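File shown here: entry06.txt, holding compact mmCIF, C-alpha atoms and all ligand atoms.
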```txt
# COMPACT_ATOMS: atom_id res chain seq x y z
CA MET A 1 -0.16 63.86 91.91
CA CYS A 2 -0.05 61.39 89.10
CA LEU A 3 3.68 61.36 89.64
CA SER A 4 5.21 58.15 90.84
CA VAL A 5 8.80 57.97 91.98
CA PRO A 6 11.30 55.18 92.56
CA ALA A 7 11.62 54.58 96.30
CA ARG A 8 13.82 52.19 98.30
CA ILE A 9 12.21 50.09 101.03
CA VAL A 10 13.92 50.81 104.35
CA SER A 11 11.65 48.88 106.71
CA VAL A 12 8.53 46.75 106.50
CA ASP A 13 5.81 46.52 109.14
CA GLY A 14 3.00 44.25 107.97
CA GLU A 15 1.18 45.94 105.11
CA MET A 16 3.06 49.20 105.49
CA ALA A 17 6.63 50.16 104.74
CA ASP A 18 8.91 53.12 105.23
CA VAL A 19 10.50 54.02 101.92
CA SER A 20 13.26 56.44 101.03
CA VAL A 21 13.12 58.83 98.09
CA GLY A 22 16.58 60.32 97.89
CA GLY A 23 16.83 60.24 101.70
CA ALA A 24 13.36 61.60 102.50
CA ILE A 25 11.23 58.98 104.26
CA PHE A 26 7.60 58.31 103.28
CA ARG A 27 5.06 55.68 104.24
CA ALA A 28 3.84 53.28 101.58
CA GLY A 29 1.05 50.71 101.56
CA LEU A 30 2.28 47.34 100.26
CA GLN A 31 -1.12 45.80 99.46
CA MET A 32 -0.56 45.83 95.68
CA VAL A 33 2.92 44.31 95.58
CA GLU A 34 4.21 40.89 96.50
CA ASN A 35 7.44 39.69 98.07
CA VAL A 36 9.08 43.04 98.68
CA ARG A 37 12.05 43.17 100.98
CA VAL A 38 14.18 45.86 102.55
CA GLY A 39 16.49 47.23 99.83
CA ASP A 40 14.05 46.61 96.97
CA TYR A 41 12.96 49.53 94.81
CA VAL A 42 9.26 50.17 94.25
CA LEU A 43 7.31 52.87 92.46
CA LEU A 44 5.67 55.06 95.10
CA HIS A 45 2.40 56.65 94.07
CA ALA A 46 0.10 58.59 96.41
CA GLY A 47 1.10 56.58 99.45
CA PHE A 48 1.13 53.12 97.85
CA ALA A 49 3.80 50.96 96.27
CA ILE A 50 2.23 50.29 92.87
CA GLU A 51 4.94 48.00 91.48
CA LYS A 52 8.30 46.53 92.27
CA LEU A 53 10.95 47.78 89.86
CA ASN A 54 12.69 45.10 87.86
CA GLU A 55 16.45 45.52 88.09
CA GLU A 56 17.26 43.05 85.32
CA ASP A 57 15.05 44.88 82.84
CA ALA A 58 16.44 48.25 83.92
CA LEU A 59 20.00 47.02 83.35
CA GLU A 60 19.01 45.60 79.97
CA THR A 61 17.53 48.97 78.91
CA LEU A 62 20.76 50.70 79.91
CA ARG A 63 22.88 48.09 78.17
CA LEU A 64 21.00 48.62 74.91
CA LEU A 65 21.38 52.39 75.21
CA LYS A 66 25.14 52.04 75.77
CA GLU A 67 25.47 49.62 72.89
CA MET A 68 23.74 52.07 70.58
CA ASP A 69 26.05 54.79 71.85
CA ASP A 70 29.18 52.70 71.26
CA ALA A 71 28.04 51.83 67.76
CA MET A 72 27.67 55.52 66.99
CA THR A 73 31.07 56.57 68.32
CA GLU A 74 33.02 53.76 66.67
CA MET B 75 20.87 50.94 90.57
CA LYS B 76 18.93 53.99 91.76
CA TYR B 77 16.58 54.09 88.79
CA VAL B 78 17.16 57.80 88.24
CA ASP B 79 20.67 59.11 87.45
CA GLU B 80 21.52 56.14 85.25
CA PHE B 81 18.79 57.23 82.85
CA ARG B 82 19.98 60.85 82.75
CA GLU B 83 23.49 60.33 81.41
CA LYS B 84 24.26 63.19 79.06
CA LYS B 85 26.20 61.10 76.55
CA LEU B 86 23.25 58.71 76.10
CA ILE B 87 20.83 61.62 75.77
CA MET B 88 22.89 63.29 73.06
CA ASN B 89 23.28 60.03 71.17
CA LEU B 90 19.53 59.44 71.21
CA ALA B 91 18.90 63.00 70.00
CA ASP B 92 21.34 62.35 67.19
CA GLN B 93 19.66 59.07 66.19
CA ILE B 94 16.29 60.82 66.17
CA LYS B 95 17.64 63.51 63.82
CA ARG B 96 18.91 60.82 61.45
CA SER B 97 15.71 58.75 61.55
CA ALA B 98 13.16 61.55 61.25
CA THR B 99 12.33 61.96 57.60
CA GLY B 100 9.11 63.94 57.79
CA GLU B 101 6.73 65.73 60.10
CA TYR B 102 5.44 64.00 63.20
CA THR B 103 3.00 64.95 65.93
CA PHE B 104 3.20 62.86 69.06
CA MET B 105 0.84 63.26 71.99
CA GLU B 106 1.73 62.45 75.57
CA VAL B 107 -1.28 61.71 77.74
CA CYS B 108 0.34 61.60 81.13
CA GLY B 109 0.87 64.74 83.19
CA GLY B 110 4.12 63.27 84.48
CA HIS B 111 5.39 63.12 80.91
CA THR B 112 4.31 66.72 80.26
CA ALA B 113 6.26 67.87 83.31
CA ALA B 114 9.32 65.76 82.42
CA ILE B 115 9.37 66.83 78.76
CA HIS B 116 9.57 70.51 79.72
CA ARG B 117 11.81 70.00 82.71
CA PHE B 118 14.44 68.16 80.67
CA GLY B 119 14.09 70.47 77.67
CA ILE B 120 13.23 67.57 75.36
CA PRO B 121 11.72 69.78 72.58
CA SER B 122 15.05 71.63 72.21
CA LEU B 123 16.75 68.30 71.40
CA LEU B 124 14.37 67.44 68.58
CA PRO B 125 14.43 68.41 64.91
CA PRO B 126 11.78 71.00 63.96
CA GLY B 127 9.58 68.40 62.22
CA ILE B 128 8.71 66.69 65.51
CA LYS B 129 5.95 68.30 67.49
CA LEU B 130 5.02 67.13 70.99
CA ILE B 131 1.54 67.95 72.21
CA SER B 132 -0.05 67.34 75.60
CA GLY B 133 -3.27 65.47 76.10
CA PRO B 134 -5.69 65.17 79.03
CA GLY B 135 -3.18 63.58 81.39
CA CYS B 136 -3.37 65.81 84.40
CA PRO B 137 -6.03 64.51 86.81
CA VAL B 138 -6.54 67.93 88.36
CA CYS B 139 -6.97 69.56 84.95
CA VAL B 140 -9.70 67.21 83.71
CA THR B 141 -11.76 67.56 86.91
CA ALA B 142 -15.03 69.36 86.24
CA VAL B 143 -15.66 72.75 87.89
CA ASP B 144 -18.86 71.39 89.50
CA TYR B 145 -16.77 68.82 91.34
CA ILE B 146 -14.66 71.55 92.96
CA ASP B 147 -17.84 73.46 93.85
CA ARG B 148 -19.31 70.36 95.51
CA LEU B 149 -16.13 69.81 97.49
CA ILE B 150 -16.21 73.38 98.71
CA ALA B 151 -19.86 73.04 99.71
CA LEU B 152 -18.93 69.86 101.60
CA SER B 153 -16.02 71.53 103.35
CA PHE B 154 -18.40 74.13 104.84
CA THR B 155 -20.81 71.43 106.05
CA ARG B 156 -20.90 71.16 109.83
CA GLY B 157 -18.94 68.21 111.16
CA VAL B 158 -17.19 67.53 107.83
CA ALA B 159 -13.46 67.70 107.18
CA VAL B 160 -12.10 67.40 103.64
CA ALA B 161 -8.75 65.56 103.52
CA THR B 162 -7.28 66.15 100.06
CA PHE B 163 -4.16 65.80 97.93
CA GLY B 164 -2.39 69.15 97.89
CA ASP B 165 -2.76 69.51 94.11
CA LEU B 166 -6.48 70.20 94.41
CA MET B 167 -6.08 73.09 96.86
CA ARG B 168 -5.60 75.89 94.35
CA VAL B 169 -7.90 74.70 91.56
CA PRO B 170 -10.38 77.48 90.91
CA GLY B 171 -14.03 76.58 91.46
CA THR B 172 -16.81 78.95 90.47
CA VAL B 173 -16.44 81.21 93.48
CA SER B 174 -13.27 80.11 95.20
CA SER B 175 -10.68 77.39 95.55
CA LEU B 176 -10.30 74.96 98.45
CA SER B 177 -7.42 76.98 99.80
CA GLU B 178 -9.57 80.11 99.84
CA ALA B 179 -12.35 78.11 101.50
CA ARG B 180 -9.87 77.02 104.16
CA ALA B 181 -8.88 80.64 104.78
CA GLY B 182 -12.61 81.29 105.19
CA GLY B 183 -12.87 78.74 108.01
CA ALA B 184 -13.62 75.44 106.24
CA ASP B 185 -11.97 72.32 107.69
CA ILE B 186 -9.62 71.21 104.91
CA ARG B 187 -6.47 69.16 105.47
CA VAL B 188 -3.77 68.09 103.05
CA VAL B 189 -2.83 64.40 102.92
CA LEU B 190 -0.36 62.37 100.87
CA SER B 191 -2.63 59.35 100.44
CA ALA B 192 -6.20 58.11 100.78
CA TYR B 193 -5.00 55.96 103.67
CA GLU B 194 -3.90 59.03 105.61
CA ALA B 195 -7.42 60.45 105.21
CA LEU B 196 -8.81 57.21 106.67
CA GLU B 197 -6.44 57.52 109.61
CA ILE B 198 -7.80 61.01 110.32
CA ALA B 199 -11.28 59.46 110.47
CA TRP B 200 -10.01 56.83 112.92
CA SER B 201 -8.53 59.41 115.25
CA HIS B 202 -11.46 61.88 115.06
CA HIS B 203 -14.70 60.00 115.67
CA ASP B 204 -16.63 63.26 115.86
CA LEU B 205 -15.65 64.21 112.29
CA ASN B 206 -16.97 62.97 108.95
CA VAL B 207 -13.85 62.82 106.81
CA VAL B 208 -14.24 63.19 103.03
CA PHE B 209 -11.45 62.20 100.66
CA PRO B 210 -11.68 63.67 97.13
CA ALA B 211 -10.79 60.65 94.98
CA ILE B 212 -9.37 62.00 91.73
CA GLY B 213 -6.83 60.46 89.39
CA PHE B 214 -6.53 57.71 86.81
CA GLU B 215 -5.85 53.97 86.99
CA THR B 216 -2.64 54.71 88.87
CA THR B 217 -4.46 56.27 91.81
CA ALA B 218 -7.77 54.39 91.86
CA PRO B 219 -6.35 51.13 93.33
CA GLY B 220 -5.08 53.07 96.36
CA THR B 221 -8.56 54.48 96.92
CA ALA B 222 -9.96 50.96 96.53
CA VAL B 223 -7.56 49.48 99.11
CA THR B 224 -8.53 52.29 101.50
CA VAL B 225 -12.29 51.79 101.04
CA LEU B 226 -11.85 48.04 101.61
CA LYS B 227 -9.90 48.79 104.79
CA ALA B 228 -12.62 51.18 105.99
CA ALA B 229 -15.23 48.49 105.27
CA SER B 230 -13.33 45.74 107.09
CA GLU B 231 -12.79 48.01 110.12
CA GLY B 232 -16.45 49.05 110.14
CA THR B 233 -15.49 52.73 109.83
CA GLU B 234 -18.60 54.89 109.59
CA ASN B 235 -17.11 58.38 109.35
CA PHE B 236 -15.00 58.03 106.18
CA PHE B 237 -16.29 58.94 102.72
CA VAL B 238 -14.94 59.49 99.24
CA LEU B 239 -16.18 62.04 96.73
CA ASN B 240 -15.26 59.96 93.77
CA ALA B 241 -14.18 61.30 90.37
CA HIS B 242 -11.72 58.60 89.26
CA LYS B 243 -11.23 58.37 85.53
CA VAL B 244 -9.79 55.84 83.12
CA MET B 245 -7.47 56.79 80.29
CA PRO B 246 -8.05 54.56 77.22
CA PRO B 247 -11.59 55.84 76.43
CA ALA B 248 -10.33 59.45 76.61
CA MET B 249 -7.56 58.64 74.11
CA GLU B 250 -10.15 57.16 71.78
CA GLU B 251 -12.30 60.28 72.17
CA ILE B 252 -9.37 62.47 71.18
CA ILE B 253 -8.57 60.36 68.12
CA ARG B 254 -12.21 60.48 67.06
CA GLY B 255 -12.40 64.21 67.75
CA GLY B 256 -9.98 64.70 64.87
CA THR B 257 -6.86 66.02 66.61
CA HIS B 258 -4.00 65.21 64.24
CA ILE B 259 -1.75 62.64 65.94
CA ASP B 260 0.84 60.28 64.45
CA GLY B 261 1.56 58.39 67.64
CA PHE B 262 1.04 58.27 71.38
CA ILE B 263 3.57 58.42 74.15
CA CYS B 264 1.41 56.19 76.34
CA PRO B 265 1.08 56.92 80.05
CA GLY B 266 3.83 55.15 81.98
CA HIS B 267 2.25 54.84 85.39
CA VAL B 268 -1.30 54.19 84.23
CA SER B 269 0.25 51.32 82.25
CA VAL B 270 1.96 49.94 85.36
CA ILE B 271 -1.56 49.08 86.52
CA THR B 272 -3.41 48.38 83.24
CA GLY B 273 -0.58 46.74 81.32
CA SER B 274 0.13 47.46 77.67
CA SER B 275 -2.88 45.40 76.59
CA ALA B 276 -5.21 48.32 77.47
CA PHE B 277 -3.82 50.26 74.47
CA GLU B 278 -3.83 47.50 71.85
CA PHE B 279 -7.03 48.88 70.32
CA ILE B 280 -5.19 52.02 69.18
CA PRO B 281 -2.90 50.43 66.57
CA ARG B 282 -5.54 47.81 65.77
CA ASN B 283 -8.46 50.19 65.14
CA TYR B 284 -6.71 53.45 64.29
CA SER B 285 -3.28 52.36 62.98
CA LEU B 286 -1.47 54.72 65.34
CA ALA B 287 1.95 54.06 66.85
CA CYS B 288 2.15 53.64 70.64
CA VAL B 289 5.11 53.44 73.00
CA ILE B 290 4.80 53.14 76.78
CA THR B 291 7.71 54.93 78.34
CA GLY B 292 9.25 56.10 81.59
CA PHE B 293 9.94 59.59 82.88
CA GLU B 294 13.67 60.08 82.49
CA PRO B 295 15.15 61.88 79.46
CA THR B 296 16.58 58.71 77.90
CA ASP B 297 13.16 57.04 78.31
CA ILE B 298 11.28 59.80 76.53
CA LEU B 299 13.83 60.13 73.73
CA SER B 300 13.90 56.36 73.24
CA ALA B 301 10.11 56.41 72.95
CA ILE B 302 10.24 59.11 70.28
CA LEU B 303 12.81 57.12 68.33
CA MET B 304 10.68 53.96 68.61
CA LEU B 305 7.59 55.85 67.42
CA ILE B 306 9.46 57.18 64.38
CA ARG B 307 10.66 53.66 63.56
CA GLN B 308 7.16 52.20 63.87
CA ILE B 309 5.96 54.83 61.43
CA SER B 310 8.76 54.37 58.90
CA ASP B 311 8.33 50.57 59.07
CA ASN B 312 4.59 51.11 58.68
CA ASN B 313 4.10 48.77 61.64
CA PRO B 314 2.03 50.50 64.31
CA ARG B 315 1.86 48.54 67.57
CA VAL B 316 2.17 48.96 71.32
CA GLU B 317 5.80 48.76 72.43
CA ILE B 318 6.96 48.86 76.04
CA GLN B 319 10.10 50.93 76.51
CA TYR B 320 9.45 51.19 80.28
CA ASN B 321 9.89 47.48 80.91
CA ARG B 322 11.47 47.97 84.31
CA ALA B 323 7.94 48.76 85.55
CA VAL B 324 5.38 47.79 82.89
CA THR B 325 4.27 44.35 81.69
CA PRO B 326 1.64 43.38 79.09
CA ALA B 327 -0.82 42.26 81.79
CA GLY B 328 -0.11 45.04 84.31
CA ASN B 329 -0.48 44.80 88.07
CA VAL B 330 -3.21 42.20 88.40
CA LYS B 331 -3.53 42.57 92.16
CA ALA B 332 -4.16 46.30 91.80
CA GLN B 333 -6.71 45.64 89.05
CA GLU B 334 -8.53 43.22 91.35
CA PHE B 335 -8.80 45.81 94.14
CA MET B 336 -10.06 48.36 91.63
CA ASN B 337 -12.67 45.98 90.19
CA GLU B 338 -13.87 44.92 93.59
CA VAL B 339 -14.66 48.47 94.65
CA PHE B 340 -15.45 50.29 91.39
CA GLU B 341 -17.34 49.72 88.16
CA PRO B 342 -17.09 51.68 84.90
CA CYS B 343 -19.39 54.65 84.38
CA ASP B 344 -19.77 57.58 82.00
CA ALA B 345 -17.83 60.54 83.29
CA GLU B 346 -17.41 64.20 82.56
CA TRP B 347 -13.93 65.27 81.55
CA ARG B 348 -13.20 68.97 81.46
CA GLY B 349 -12.58 69.88 77.84
CA LEU B 350 -13.82 66.57 76.45
CA GLY B 351 -17.37 66.42 77.81
CA VAL B 352 -19.00 63.20 78.96
CA ILE B 353 -17.03 60.13 77.89
CA ASN B 354 -18.64 56.70 77.66
CA SER B 355 -17.13 54.46 80.33
CA GLY B 356 -14.57 57.20 80.94
CA GLY B 357 -14.78 56.96 84.71
CA LEU B 358 -15.27 54.72 87.70
CA THR B 359 -18.09 54.69 90.22
CA LEU B 360 -18.29 52.96 93.60
CA ARG B 361 -20.17 49.68 93.46
CA GLU B 362 -23.55 49.57 95.22
CA LYS B 363 -22.02 47.51 98.03
CA PHE B 364 -19.86 50.49 99.03
CA VAL B 365 -22.51 53.19 98.77
CA ASN B 366 -22.11 53.96 102.50
CA PHE B 367 -18.71 55.40 101.66
CA ASP B 368 -20.01 57.62 98.87
CA ALA B 369 -19.97 61.26 99.97
CA GLY B 370 -22.25 62.16 97.05
CA ALA B 371 -24.95 59.80 98.34
CA SER B 372 -24.41 60.55 102.03
CA PHE B 373 -24.49 64.35 102.05
CA ASN B 374 -26.82 66.74 100.33
CA ILE B 375 -24.46 68.79 98.20
CA GLU B 376 -26.21 69.74 95.01
CA VAL B 377 -24.63 72.83 93.47
CA PRO B 378 -25.77 74.83 90.45
CA HIS B 379 -24.02 73.84 87.24
CA HIS B 380 -21.38 76.30 86.05
CA GLU B 381 -19.30 76.38 82.91
CA PRO B 382 -15.60 77.17 83.30
CA ASP B 383 -14.36 80.68 82.41
CA PRO B 384 -14.97 80.90 78.62
CA VAL B 385 -11.73 82.77 77.97
CA CYS B 386 -9.68 79.90 79.42
CA ILE B 387 -8.93 77.44 76.62
CA CYS B 388 -7.92 74.54 78.91
CA GLY B 389 -10.42 72.40 77.02
CA GLU B 390 -8.62 72.91 73.72
CA ILE B 391 -5.27 72.38 75.37
CA LEU B 392 -6.43 69.08 76.88
CA ARG B 393 -7.44 67.89 73.41
CA GLY B 394 -4.10 68.94 71.97
CA VAL B 395 -5.53 71.45 69.50
CA SER B 396 -4.04 74.55 71.14
CA ARG B 397 -0.82 75.38 72.90
CA PRO B 398 -0.75 77.19 76.26
CA ASP B 399 0.85 80.33 74.77
CA GLU B 400 -2.09 80.62 72.38
CA CYS B 401 -4.36 81.50 75.31
CA VAL B 402 -4.77 85.28 75.73
CA LEU B 403 -4.60 84.92 79.51
CA PHE B 404 -1.38 82.89 79.48
CA ALA B 405 1.37 84.53 81.57
CA THR B 406 -0.73 87.67 81.94
CA ALA B 407 -3.90 87.18 83.98
CA CYS B 408 -3.17 83.47 84.40
CA MET B 409 0.01 82.40 86.20
CA PRO B 410 0.91 79.61 88.64
CA VAL B 411 0.49 82.03 91.59
CA HIS B 412 -3.02 83.03 90.47
CA PRO B 413 -4.34 80.41 88.09
CA VAL B 414 -7.48 81.06 86.08
CA GLY B 415 -7.79 77.54 84.70
CA ALA B 416 -6.92 74.13 86.11
CA CYS B 417 -4.14 73.59 83.54
CA MET B 418 -2.10 76.29 85.30
CA VAL B 419 -2.42 74.76 88.78
CA SER B 420 -0.55 71.52 89.14
CA ASP B 421 2.97 70.67 88.01
CA GLU B 422 1.46 68.27 85.51
CA GLY B 423 -0.77 70.83 83.84
CA ALA B 424 0.35 71.83 80.35
CA CYS B 425 0.05 75.59 81.04
CA ASN B 426 1.96 75.29 84.29
CA ALA B 427 4.80 73.26 82.74
CA PHE B 428 4.97 75.61 79.78
CA PHE B 429 5.07 78.65 82.06
CA LYS B 430 7.74 77.34 84.40
CA TYR B 431 10.20 76.25 81.76
CA HIS B 432 9.65 78.73 78.95
CA VAL B 433 8.51 82.07 80.30
CA HIS B 434 11.57 82.75 82.43
CA GLU B 435 14.14 81.52 80.00
S1 LIG A 501 -3.24 79.88 80.45
FE1 LIG A 501 -4.70 79.77 82.14
S2 LIG A 501 -6.58 80.55 81.31
FE2 LIG A 501 -5.29 80.04 79.57
S3 LIG A 501 -5.79 77.93 79.03
FE3 LIG A 501 -4.11 77.82 80.46
S4 LIG A 501 -5.08 77.60 82.46
FE4 LIG A 501 -6.68 78.33 81.05
```
Is it possible to give me this structure as structure tokens?
Ligand code: SF4
Amino acid sequence: MCLSVPARIVSVDGEMADVSVGGAIFRAGLQMVENVRVGDYVLLHAGFAIEKLNEEDALETLRLLKEMDDAMTE
Amino acid sequence: MKYVDEFREKKLIMNLADQIKRSATGEYTFMEVCGGHTAAIHRFGIPSLLPPGIKLISGPGCPVCVTAVDYIDRLIALSFTRGVAVATFGDLMRVPGTVSSLSEARAGGADIRVVLSAYEALEIAWSHHDLNVVFPAIGFETTAPGTAVTVLKAASEGTENFFVLNAHKVMPPAMEEIIRGGTHIDGFICPGHVSVITGSSAFEFIPRNYSLACVITGFEPTDILSAILMLIRQISDNNPRVEIQYNRAVTPAGNVKAQEFMNEVFEPCDAEWRGLGVINSGGLTLREKFVNFDAGASFNIEVPHHEPDPVCICGEILRGVSRPDECVLFATACMPVHPVGACMVSDEGACNAFFKYHVHE
């Protein structure tokens, strides 16, 4: 239950949203996050969106991993 | 960007494993204190990718596992109280109490329903005015803000038939307790989703006071391996600090809005952790203002104190001093289908994760 999973916002209705986790739809309270829009990814935990995921930082993490990989295989 | 597959690319995993092998020059013991990490580490076979000198041990990161037996007994007593329905997370259903579990109580006629969130429990109260609905509030900083939002909603709607039996806990004091208890640890894989709420600042005292390495990481294989590599580098540079690997979700300050909800509804209190005993400021209690929502204060549910089964070594496992397969009941009397201790119940329990991914190999 301490698990939190990335979920995509599919619709917003006031403080609640429908979110998709790999196609399965769940409800999520949006009280703890600001400025979320349809298409954004949030972390879903026990029925609440606890944070919006930061795409720039995610891409940066992946870029560093790939760079390290390239350096090794050169 | 789906935030999942990208972080599971085999080539990146193998490269990280390789870098770890090159960087590891000695023996290391790293503790993860998040049940989600325990589950992920076993699921992705992380130990098999590491050189033999690196040992990963699990800490008290499974909310179900650290819940005291008396708490389960009180919930069961509540569930048999006339006019009361318990609306709980599914994970609690099979946790053994002294006499039975919630799922056995339900088979015996108690009104127990499974919900996915505290809010859903509140909605049951709204649609059943004749019922007093009790939500068992367990979990760490990740879960407590959701309970807080729900209590605030119940208060603003003037709901009178919704209650929480609160056992929320906070992680940093438990980590300190483990360090002080003398478990040998070289570094912490800090809890990813607790940190989403608290921020990395909550763990700064660990390198400062105890000179231990800390990395906050995510739950995919490249996250966990990156964290291990970062821990090794902190140690070889002799520069222990709190690093955030999981920066797509975690910031130094954390989710301030969630912290505000939590602080409005709860205040710190001493709390009993299974295996660790009573920890100073290790839990949260409802503030006086919200006492009407406290099931403990609203119903008379005193139960006799019971110690957990003495053969079950969950307590030692939660402190990282024993491994699940060192328990004599492991995979014999105690299995996921008939758990003896709480560590065998939920996916995040160390015994459960160990059983699922090692016993059938
Ligand atoms: S195997 Fe079962 S009895 Fe043994 S420590 Fe784990 S949960 Fe307790």
**OP:** Identify, on the basis of only C-alpha atoms, every residue whose closest approach to A:Ser20 does not exceed 12 Å; exclude the query and any residue fewer than 2 positions from it along the same chain; express the result as a PyMOL selection string.
**Re:** (chain A and resi 5-11+17-18+22-28+38-44+49) or (chain B and resi 76)
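By only C-alpha atoms, and with residues fewer than 4 positions from B:Ser174 along its chain excluded, the set lying at most 10 Å from it is Ile146, Asp147, Ile150, Arg168, Val169, Pro170, Glu178 and Ala179 of chain B.
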Within 8 Å of ligand LIG 501 (chain A), which residues of chain B come that close, and what is the closest atom pair and distance in Å for each? Count all atoms listed in the file and give it as CSV.
```
residue,atom,partner,partner_atom,distance
B:Asp383,CA,A:LIG501,S2,7.9
B:Val385,CA,A:LIG501,S2,6.5
B:Cys386,CA,A:LIG501,S2,3.7
B:Ile387,CA,A:LIG501,S3,4.0
B:Cys388,CA,A:LIG501,S3,4.0
B:Gly389,CA,A:LIG501,S3,7.5
B:Glu390,CA,A:LIG501,S3,7.8
B:Ile391,CA,A:LIG501,S3,6.7
B:Pro398,CA,A:LIG501,FE3,5.4
B:Asp399,CA,A:LIG501,S1,7.0
B:Glu400,CA,A:LIG501,FE2,7.9
B:Cys401,CA,A:LIG501,FE2,4.6
B:Val402,CA,A:LIG501,FE2,6.5
B:Leu403,CA,A:LIG501,FE2,4.9
B:Phe404,CA,A:LIG501,S1,3.7
B:Ala405,CA,A:LIG501,S1,6.6
B:Ala407,CA,A:LIG501,S2,7.6
B:Cys408,CA,A:LIG501,FE1,4.6
B:Met409,CA,A:LIG501,FE1,6.8
B:Pro413,CA,A:LIG501,FE1,6.0
B:Val414,CA,A:LIG501,S2,4.9
B:Gly415,CA,A:LIG501,S4,3.5
B:Ala416,CA,A:LIG501,S4,5.4
B:Cys417,CA,A:LIG501,S4,4.3
B:Met418,CA,A:LIG501,S4,4.3
B:Val419,CA,A:LIG501,S4,7.4
B:Ala424,CA,A:LIG501,FE3,7.5
B:Cys425,CA,A:LIG501,FE3,4.8
B:Asn426,CA,A:LIG501,FE3,7.6
```
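For the pair atom CA of B:His267 and atom CA of B:Ala241, the separation is 18.3 Å.
Take atom CA of B:Gly110 and atom CA of B:Pro134: the distance between them is 11.4 Å.
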Would you tabulate, counting only C-alpha atoms, all residues of chain B that have an atom at most 7 Å from an atom of chain A, showing the closest pair of atoms and their distance in Å to one decimal, sorted by chain then ascending number, as JSON lines?
```
{"residue": "B:Tyr77", "atom": "CA", "partner": "A:Pro6", "partner_atom": "CA", "distance": 6.6}
{"residue": "B:Leu86", "atom": "CA", "partner": "A:Asp69", "partner_atom": "CA", "distance": 6.4}
{"residue": "B:Asn89", "atom": "CA", "partner": "A:Asp69", "partner_atom": "CA", "distance": 6.0}
{"residue": "B:Gly109", "atom": "CA", "partner": "A:Cys2", "partner_atom": "CA", "distance": 6.9}
{"residue": "B:Gly110", "atom": "CA", "partner": "A:Leu3", "partner_atom": "CA", "distance": 5.5}
{"residue": "B:Asp165", "atom": "CA", "partner": "A:Met1", "partner_atom": "CA", "distance": 6.6}
{"residue": "B:Leu190", "atom": "CA", "partner": "A:Ala46", "partner_atom": "CA", "distance": 5.9}
{"residue": "B:Ser191", "atom": "CA", "partner": "A:Gly47", "partner_atom": "CA", "distance": 4.8}
{"residue": "B:Gly213", "atom": "CA", "partner": "A:Cys2", "partner_atom": "CA", "distance": 6.8}
{"residue": "B:Thr217", "atom": "CA", "partner": "A:Ala46", "partner_atom": "CA", "distance": 6.9}
{"residue": "B:Gly220", "atom": "CA", "partner": "A:Phe48", "partner_atom": "CA", "distance": 6.4}
{"residue": "B:Asn321", "atom": "CA", "partner": "A:Asp57", "partner_atom": "CA", "distance": 6.1}
{"residue": "B:Arg322", "atom": "CA", "partner": "A:Asn54", "partner_atom": "CA", "distance": 4.7}
{"residue": "B:Ala323", "atom": "CA", "partner": "A:Leu53", "partner_atom": "CA", "distance": 5.3}
{"residue": "B:Lys331", "atom": "CA", "partner": "A:Met32", "partner_atom": "CA", "distance": 5.6}
{"residue": "B:Ala332", "atom": "CA", "partner": "A:Met32", "partner_atom": "CA", "distance": 5.3}
```
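Picture a line from atom CA of B:Ala222 to atom CA of B:Ile353; it runs 21.9 Å.
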Subject >> Test item: residues at most 10 Å from B:Ile280, only C-alpha atoms, excluding those fewer than 3 positions along its chain, as a ChimeraX atom specification >> reply: /B:246,249-250,253,261-262,276-277,283-288,314-316
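If you measure from each of B:Asn337, B:Ser420, B:Gln319, B:Asn329 to B:Ile298 using all atoms listed in the file, the closest one turns out to be B:Gln319.
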**OP:** Go through B:Val330, B:Ile252, B:Ala371, B:Val244 one by one, measure the shortest atom-to-atom distance of each to B:Met105 using all atoms listed in the file, and give the residue with the smallest value.
**Re:** B:Ile252
Subject >> Point (0.8, 66.2, 105.7), cut-off 12 Å, counting only C-alpha atoms, residues as a PyMOL selection string >> reply: (chain A and resi 26-27+47) or (chain B and resi 161-164+186-195+197-198)
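With all atoms listed in the file as the atoms that count, the residue of B:Gly119, B:Pro295, B:Gly356, B:Gly273 with the shortest distance to B:Gly328 is B:Gly273.
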